[in-house]
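Note: the block below is protein-v8.txt and it holds compact mmCIF, N, CA, C and O atoms.
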```txt
# COMPACT_ATOMS: atom_id res chain seq x y z
N GLN X 1 31.80 -109.23 -28.41
CA GLN X 1 33.17 -109.30 -27.91
C GLN X 1 33.87 -110.52 -28.51
O GLN X 1 35.02 -110.43 -28.93
N ILE X 2 33.17 -111.63 -28.56
CA ILE X 2 33.77 -112.85 -29.11
C ILE X 2 34.04 -112.69 -30.60
O ILE X 2 35.08 -113.14 -31.10
N LEU X 3 33.12 -112.03 -31.31
CA LEU X 3 33.34 -111.80 -32.74
C LEU X 3 34.57 -110.95 -32.97
O LEU X 3 35.29 -111.15 -33.96
N LYS X 4 34.82 -110.01 -32.08
CA LYS X 4 36.01 -109.18 -32.20
C LYS X 4 37.27 -109.97 -31.87
O LYS X 4 38.29 -109.85 -32.54
N LEU X 5 37.19 -110.80 -30.83
CA LEU X 5 38.37 -111.55 -30.40
C LEU X 5 38.74 -112.69 -31.35
O LEU X 5 39.92 -113.05 -31.43
N LYS X 6 37.77 -113.24 -32.04
CA LYS X 6 38.10 -114.37 -32.91
C LYS X 6 38.95 -113.97 -34.11
O LYS X 6 39.53 -114.83 -34.77
N GLU X 7 39.05 -112.67 -34.37
CA GLU X 7 39.89 -112.19 -35.46
C GLU X 7 41.29 -111.81 -34.99
O GLU X 7 42.10 -111.35 -35.79
N GLN X 8 41.59 -111.99 -33.72
CA GLN X 8 42.91 -111.65 -33.18
C GLN X 8 43.97 -112.64 -33.68
O GLN X 8 43.67 -113.77 -34.05
N GLU X 9 45.20 -112.20 -33.62
CA GLU X 9 46.31 -113.00 -34.15
C GLU X 9 46.54 -114.27 -33.36
O GLU X 9 46.88 -115.31 -33.93
N TYR X 10 46.37 -114.24 -32.03
CA TYR X 10 46.62 -115.44 -31.25
C TYR X 10 45.59 -116.53 -31.53
O TYR X 10 45.91 -117.72 -31.45
N VAL X 11 44.37 -116.16 -31.91
CA VAL X 11 43.37 -117.16 -32.29
C VAL X 11 43.74 -117.75 -33.65
O VAL X 11 43.66 -118.97 -33.86
N MET X 12 44.17 -116.90 -34.58
CA MET X 12 44.59 -117.40 -35.89
C MET X 12 45.82 -118.30 -35.76
O MET X 12 45.92 -119.32 -36.45
N ALA X 13 46.74 -117.93 -34.87
CA ALA X 13 47.92 -118.76 -34.65
C ALA X 13 47.53 -120.10 -34.05
O ALA X 13 48.09 -121.14 -34.43
N SER X 14 46.56 -120.11 -33.15
CA SER X 14 46.10 -121.35 -32.56
C SER X 14 45.43 -122.24 -33.61
O SER X 14 45.63 -123.45 -33.62
N LYS X 15 44.65 -121.64 -34.52
CA LYS X 15 44.05 -122.39 -35.61
C LYS X 15 45.12 -122.96 -36.52
O LYS X 15 45.04 -124.11 -36.97
N THR X 16 46.15 -122.17 -36.79
CA THR X 16 47.23 -122.60 -37.68
C THR X 16 47.98 -123.78 -37.08
O THR X 16 48.39 -124.70 -37.80
N LEU X 17 48.14 -123.79 -35.77
CA LEU X 17 48.83 -124.89 -35.10
C LEU X 17 47.95 -126.12 -34.93
O LEU X 17 48.41 -127.13 -34.42
N GLY X 18 46.68 -126.03 -35.33
CA GLY X 18 45.82 -127.20 -35.35
C GLY X 18 44.88 -127.36 -34.17
O GLY X 18 44.38 -128.46 -33.93
N ALA X 19 44.63 -126.31 -33.43
CA ALA X 19 43.71 -126.41 -32.29
C ALA X 19 42.27 -126.54 -32.79
O ALA X 19 41.88 -125.94 -33.78
N LYS X 20 41.51 -127.35 -32.09
CA LYS X 20 40.10 -127.53 -32.43
C LYS X 20 39.30 -126.31 -31.98
O LYS X 20 39.74 -125.54 -31.14
N ASN X 21 38.10 -126.17 -32.53
CA ASN X 21 37.25 -125.02 -32.20
C ASN X 21 36.90 -124.97 -30.71
O ASN X 21 36.88 -123.91 -30.12
N ASN X 22 36.61 -126.15 -30.11
CA ASN X 22 36.27 -126.17 -28.69
C ASN X 22 37.43 -125.67 -27.83
O ASN X 22 37.22 -124.94 -26.87
N ARG X 23 38.63 -126.06 -28.17
CA ARG X 23 39.80 -125.61 -27.40
C ARG X 23 40.00 -124.10 -27.55
O ARG X 23 40.31 -123.42 -26.58
N ILE X 24 39.82 -123.59 -28.75
CA ILE X 24 39.97 -122.15 -28.96
C ILE X 24 38.93 -121.39 -28.15
O ILE X 24 39.24 -120.38 -27.51
N ILE X 25 37.69 -121.89 -28.14
CA ILE X 25 36.62 -121.22 -27.39
C ILE X 25 36.93 -121.23 -25.91
O ILE X 25 36.86 -120.19 -25.23
N TRP X 26 37.29 -122.38 -25.34
CA TRP X 26 37.47 -122.50 -23.89
C TRP X 26 38.79 -121.95 -23.39
O TRP X 26 38.88 -121.51 -22.24
N LYS X 27 39.82 -121.99 -24.21
CA LYS X 27 41.13 -121.54 -23.74
C LYS X 27 41.48 -120.11 -24.14
O LYS X 27 42.33 -119.48 -23.51
N HIS X 28 40.85 -119.59 -25.18
CA HIS X 28 41.21 -118.26 -25.65
C HIS X 28 40.04 -117.27 -25.56
O HIS X 28 40.20 -116.18 -25.02
N LEU X 29 38.90 -117.64 -26.13
CA LEU X 29 37.82 -116.67 -26.25
C LEU X 29 37.09 -116.40 -24.94
O LEU X 29 36.92 -115.25 -24.56
N ILE X 30 36.67 -117.44 -24.25
CA ILE X 30 35.91 -117.24 -23.01
C ILE X 30 36.74 -116.55 -21.93
O ILE X 30 36.26 -115.59 -21.31
N PRO X 31 37.98 -116.97 -21.64
CA PRO X 31 38.74 -116.23 -20.62
C PRO X 31 38.99 -114.76 -20.97
O PRO X 31 39.00 -113.91 -20.09
N ASN X 32 39.14 -114.45 -22.25
CA ASN X 32 39.38 -113.06 -22.65
C ASN X 32 38.11 -112.21 -22.69
O ASN X 32 38.19 -110.99 -22.74
N THR X 33 36.94 -112.85 -22.69
CA THR X 33 35.70 -112.08 -22.65
C THR X 33 35.18 -111.89 -21.23
O THR X 33 34.30 -111.06 -21.02
N MET X 34 35.71 -112.62 -20.26
CA MET X 34 35.20 -112.50 -18.90
C MET X 34 35.48 -111.12 -18.30
O MET X 34 34.65 -110.59 -17.56
N GLY X 35 36.60 -110.52 -18.59
CA GLY X 35 36.92 -109.19 -18.07
C GLY X 35 35.90 -108.14 -18.47
O GLY X 35 35.32 -107.46 -17.61
N PRO X 36 35.65 -107.96 -19.77
CA PRO X 36 34.64 -106.98 -20.18
C PRO X 36 33.24 -107.30 -19.66
O PRO X 36 32.48 -106.39 -19.33
N ILE X 37 32.89 -108.58 -19.56
CA ILE X 37 31.57 -108.95 -19.04
C ILE X 37 31.45 -108.55 -17.58
O ILE X 37 30.43 -107.98 -17.16
N ILE X 38 32.48 -108.80 -16.79
CA ILE X 38 32.45 -108.45 -15.36
C ILE X 38 32.40 -106.94 -15.19
O ILE X 38 31.64 -106.42 -14.36
N ILE X 39 33.19 -106.22 -15.96
CA ILE X 39 33.19 -104.75 -15.86
C ILE X 39 31.83 -104.18 -16.24
O ILE X 39 31.31 -103.28 -15.55
N THR X 40 31.24 -104.67 -17.30
CA THR X 40 29.92 -104.19 -17.72
C THR X 40 28.88 -104.48 -16.64
O THR X 40 28.04 -103.62 -16.34
N THR X 41 28.96 -105.64 -16.03
CA THR X 41 28.04 -105.99 -14.95
C THR X 41 28.22 -105.07 -13.76
O THR X 41 27.24 -104.61 -13.15
N MET X 42 29.47 -104.78 -13.41
CA MET X 42 29.73 -103.91 -12.27
C MET X 42 29.23 -102.49 -12.50
O MET X 42 28.84 -101.80 -11.57
N PHE X 43 29.23 -102.02 -13.74
CA PHE X 43 28.70 -100.70 -14.04
C PHE X 43 27.17 -100.71 -14.16
O PHE X 43 26.53 -99.67 -13.99
N THR X 44 26.57 -101.85 -14.45
CA THR X 44 25.13 -101.95 -14.62
C THR X 44 24.41 -102.06 -13.28
O THR X 44 23.30 -101.53 -13.12
N ILE X 45 25.01 -102.72 -12.29
CA ILE X 45 24.35 -102.94 -11.00
C ILE X 45 24.00 -101.63 -10.31
O ILE X 45 22.85 -101.47 -9.86
N PRO X 46 24.90 -100.66 -10.17
CA PRO X 46 24.50 -99.40 -9.53
C PRO X 46 23.39 -98.67 -10.27
O PRO X 46 22.53 -98.03 -9.64
N THR X 47 23.36 -98.76 -11.58
CA THR X 47 22.30 -98.14 -12.36
C THR X 47 20.95 -98.78 -12.03
O THR X 47 19.95 -98.08 -11.87
N ALA X 48 20.93 -100.10 -11.90
CA ALA X 48 19.69 -100.79 -11.55
C ALA X 48 19.24 -100.42 -10.14
O ALA X 48 18.05 -100.22 -9.89
N ILE X 49 20.18 -100.31 -9.20
CA ILE X 49 19.84 -99.93 -7.83
C ILE X 49 19.27 -98.53 -7.80
O ILE X 49 18.26 -98.26 -7.14
N PHE X 50 19.91 -97.59 -8.51
CA PHE X 50 19.42 -96.21 -8.55
C PHE X 50 18.04 -96.13 -9.19
O PHE X 50 17.16 -95.40 -8.70
N THR X 51 17.81 -96.87 -10.25
CA THR X 51 16.50 -96.86 -10.92
C THR X 51 15.42 -97.38 -9.99
O THR X 51 14.34 -96.80 -9.89
N GLU X 52 15.70 -98.48 -9.29
CA GLU X 52 14.72 -99.04 -8.35
C GLU X 52 14.45 -98.06 -7.22
O GLU X 52 13.30 -97.87 -6.82
N ALA X 53 15.48 -97.43 -6.69
CA ALA X 53 15.30 -96.47 -5.60
C ALA X 53 14.48 -95.27 -6.06
O ALA X 53 13.59 -94.80 -5.34
N PHE X 54 14.76 -94.77 -7.25
CA PHE X 54 14.02 -93.63 -7.79
C PHE X 54 12.55 -93.98 -7.99
O PHE X 54 11.67 -93.21 -7.61
N LEU X 55 12.28 -95.15 -8.58
CA LEU X 55 10.89 -95.54 -8.80
C LEU X 55 10.16 -95.74 -7.48
O LEU X 55 8.98 -95.39 -7.36
N SER X 56 10.82 -96.31 -6.48
CA SER X 56 10.19 -96.46 -5.16
C SER X 56 9.96 -95.11 -4.51
O SER X 56 8.97 -94.92 -3.81
N PHE X 57 10.87 -94.18 -4.70
CA PHE X 57 10.72 -92.86 -4.11
C PHE X 57 9.51 -92.12 -4.66
O PHE X 57 8.77 -91.47 -3.92
N ILE X 58 9.28 -92.22 -5.96
CA ILE X 58 8.14 -91.52 -6.55
C ILE X 58 6.85 -92.33 -6.47
O ILE X 58 5.81 -91.89 -6.91
N GLY X 59 6.91 -93.53 -5.88
CA GLY X 59 5.71 -94.32 -5.66
C GLY X 59 5.38 -95.33 -6.72
O GLY X 59 4.32 -95.95 -6.69
N LEU X 60 6.26 -95.55 -7.68
CA LEU X 60 5.99 -96.52 -8.75
C LEU X 60 6.67 -97.86 -8.51
O LEU X 60 6.40 -98.82 -9.22
N GLY X 61 7.53 -97.94 -7.54
CA GLY X 61 8.27 -99.18 -7.28
C GLY X 61 7.64 -99.97 -6.14
O GLY X 61 6.43 -100.11 -6.05
N LEU X 62 8.49 -100.44 -5.25
CA LEU X 62 8.03 -101.20 -4.10
C LEU X 62 7.23 -100.32 -3.16
O LEU X 62 7.48 -99.13 -3.04
N GLN X 63 6.27 -100.91 -2.48
CA GLN X 63 5.43 -100.17 -1.56
C GLN X 63 6.00 -100.23 -0.15
O GLN X 63 6.77 -101.13 0.18
N PRO X 64 5.64 -99.30 0.74
CA PRO X 64 6.26 -99.12 2.05
C PRO X 64 6.44 -100.34 2.96
O PRO X 64 7.40 -100.35 3.70
N PRO X 65 5.61 -101.35 2.99
CA PRO X 65 5.98 -102.45 3.90
C PRO X 65 7.29 -103.13 3.51
O PRO X 65 7.99 -103.68 4.34
N VAL X 66 7.63 -103.09 2.24
CA VAL X 66 8.87 -103.68 1.76
C VAL X 66 9.98 -102.63 1.88
O VAL X 66 9.83 -101.51 1.42
N ALA X 67 11.07 -103.01 2.52
CA ALA X 67 12.17 -102.05 2.71
C ALA X 67 13.04 -102.00 1.46
O ALA X 67 13.54 -103.02 0.99
N SER X 68 13.18 -100.81 0.93
CA SER X 68 14.12 -100.57 -0.15
C SER X 68 14.67 -99.16 0.05
O SER X 68 14.13 -98.39 0.83
N LEU X 69 15.72 -98.83 -0.65
CA LEU X 69 16.33 -97.52 -0.49
C LEU X 69 15.35 -96.40 -0.82
O LEU X 69 15.25 -95.40 -0.10
N GLY X 70 14.57 -96.56 -1.86
CA GLY X 70 13.62 -95.53 -2.26
C GLY X 70 12.49 -95.35 -1.26
O GLY X 70 12.10 -94.22 -0.96
N THR X 71 11.96 -96.44 -0.71
CA THR X 71 10.89 -96.30 0.27
C THR X 71 11.41 -95.69 1.56
O THR X 71 10.72 -94.89 2.20
N LEU X 72 12.63 -96.02 1.96
CA LEU X 72 13.20 -95.43 3.17
C LEU X 72 13.43 -93.93 3.00
O LEU X 72 13.14 -93.13 3.90
N ILE X 73 13.92 -93.52 1.84
CA ILE X 73 14.14 -92.09 1.57
C ILE X 73 12.81 -91.36 1.53
O ILE X 73 12.67 -90.25 2.06
N ASN X 74 11.81 -91.97 0.92
CA ASN X 74 10.49 -91.34 0.82
C ASN X 74 9.88 -91.16 2.21
O ASN X 74 9.31 -90.10 2.51
N GLU X 75 9.99 -92.15 3.08
CA GLU X 75 9.47 -92.03 4.43
C GLU X 75 10.22 -90.95 5.20
O GLU X 75 9.60 -90.16 5.94
N GLY X 76 11.53 -90.88 5.05
CA GLY X 76 12.31 -89.84 5.71
C GLY X 76 11.96 -88.45 5.19
O GLY X 76 11.89 -87.49 5.96
N TYR X 77 11.72 -88.35 3.90
CA TYR X 77 11.34 -87.06 3.30
C TYR X 77 10.00 -86.58 3.86
O TYR X 77 9.84 -85.41 4.19
N LYS X 78 9.05 -87.50 3.95
CA LYS X 78 7.74 -87.14 4.50
C LYS X 78 7.86 -86.73 5.96
O LYS X 78 7.20 -85.80 6.42
N LEU X 79 8.71 -87.42 6.71
CA LEU X 79 8.91 -87.09 8.11
C LEU X 79 9.54 -85.72 8.27
O LEU X 79 9.16 -84.96 9.17
N LEU X 80 10.50 -85.38 7.41
CA LEU X 80 11.14 -84.07 7.49
C LEU X 80 10.21 -82.93 7.10
O LEU X 80 10.40 -81.80 7.54
N GLN X 81 9.20 -83.21 6.28
CA GLN X 81 8.23 -82.17 5.96
C GLN X 81 7.36 -81.83 7.17
O GLN X 81 6.95 -80.70 7.35
N VAL X 82 7.10 -82.83 8.01
CA VAL X 82 6.28 -82.61 9.19
C VAL X 82 7.12 -82.09 10.35
O VAL X 82 6.71 -81.19 11.08
N TYR X 83 8.31 -82.67 10.53
CA TYR X 83 9.20 -82.31 11.64
C TYR X 83 10.54 -81.81 11.10
O TYR X 83 11.54 -82.53 11.18
N PRO X 84 10.63 -80.60 10.57
CA PRO X 84 11.89 -80.13 10.01
C PRO X 84 12.99 -79.94 11.03
O PRO X 84 14.17 -79.98 10.69
N HIS X 85 12.63 -79.77 12.30
CA HIS X 85 13.64 -79.58 13.33
C HIS X 85 14.44 -80.86 13.56
O HIS X 85 15.51 -80.83 14.16
N MET X 86 13.97 -82.00 13.09
CA MET X 86 14.69 -83.27 13.25
C MET X 86 15.96 -83.29 12.41
O MET X 86 16.85 -84.11 12.65
N LEU X 87 16.08 -82.39 11.46
CA LEU X 87 17.25 -82.33 10.60
C LEU X 87 18.46 -81.78 11.33
O LEU X 87 19.59 -82.14 11.01
N THR X 88 18.24 -80.93 12.31
CA THR X 88 19.37 -80.36 13.07
C THR X 88 19.90 -81.37 14.06
O THR X 88 19.16 -82.16 14.65
N PHE X 89 21.20 -81.36 14.23
CA PHE X 89 21.86 -82.27 15.17
C PHE X 89 22.12 -81.53 16.47
O PHE X 89 22.43 -80.35 16.49
N SER X 90 22.00 -82.22 17.58
CA SER X 90 22.29 -81.56 18.87
C SER X 90 23.58 -82.02 19.45
O SER X 90 24.21 -82.91 19.11
```

Translate this file's structure into structure tokens.
Amino acid sequence: QILKLKEQEYVMASKTLGAKNNRIIWKHLIPNTMGPIIITTMFTIPTAIFTEAFLSFIGLGLQPPVASLGTLINEGYKLLQVYPHMLTFS
């Protein structure tokens, strides 16, 4: 992202006006890269949660004493196989 942004016109204009490299990095490049970094992180977190839950569900992740989404779903699934009538609401 920084390599792409350093070729932008406002960075070239800042260089032309005599700004030092540190100023260009801190005032132009880092603030403009924070948006894509935050968005990428926000899209990555749910994927990591889903992967952990799936691995725990199939028994490759965390084990039952530790509470995680996958272990809770797995315990509920096992319970519903034994007591299917628990699925109906009264």

d(atom N of Thr44 of chain X, atom O of Ile30 of chain X) in Å: 18.2 Å

Residue set, segment 28-74 of chain X restricted to helix (DSSP H, G or I), as a ChimeraX atom specification: /X:28-57,69-74

Atom-to-atom span, atom CA of Ala53 of chain X and atom C of Leu69 of chain X, Å: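 Straight-line distance from atom CA of Ala53 of chain X to atom C of Leu69 of chain X works out to 4.8 Å.
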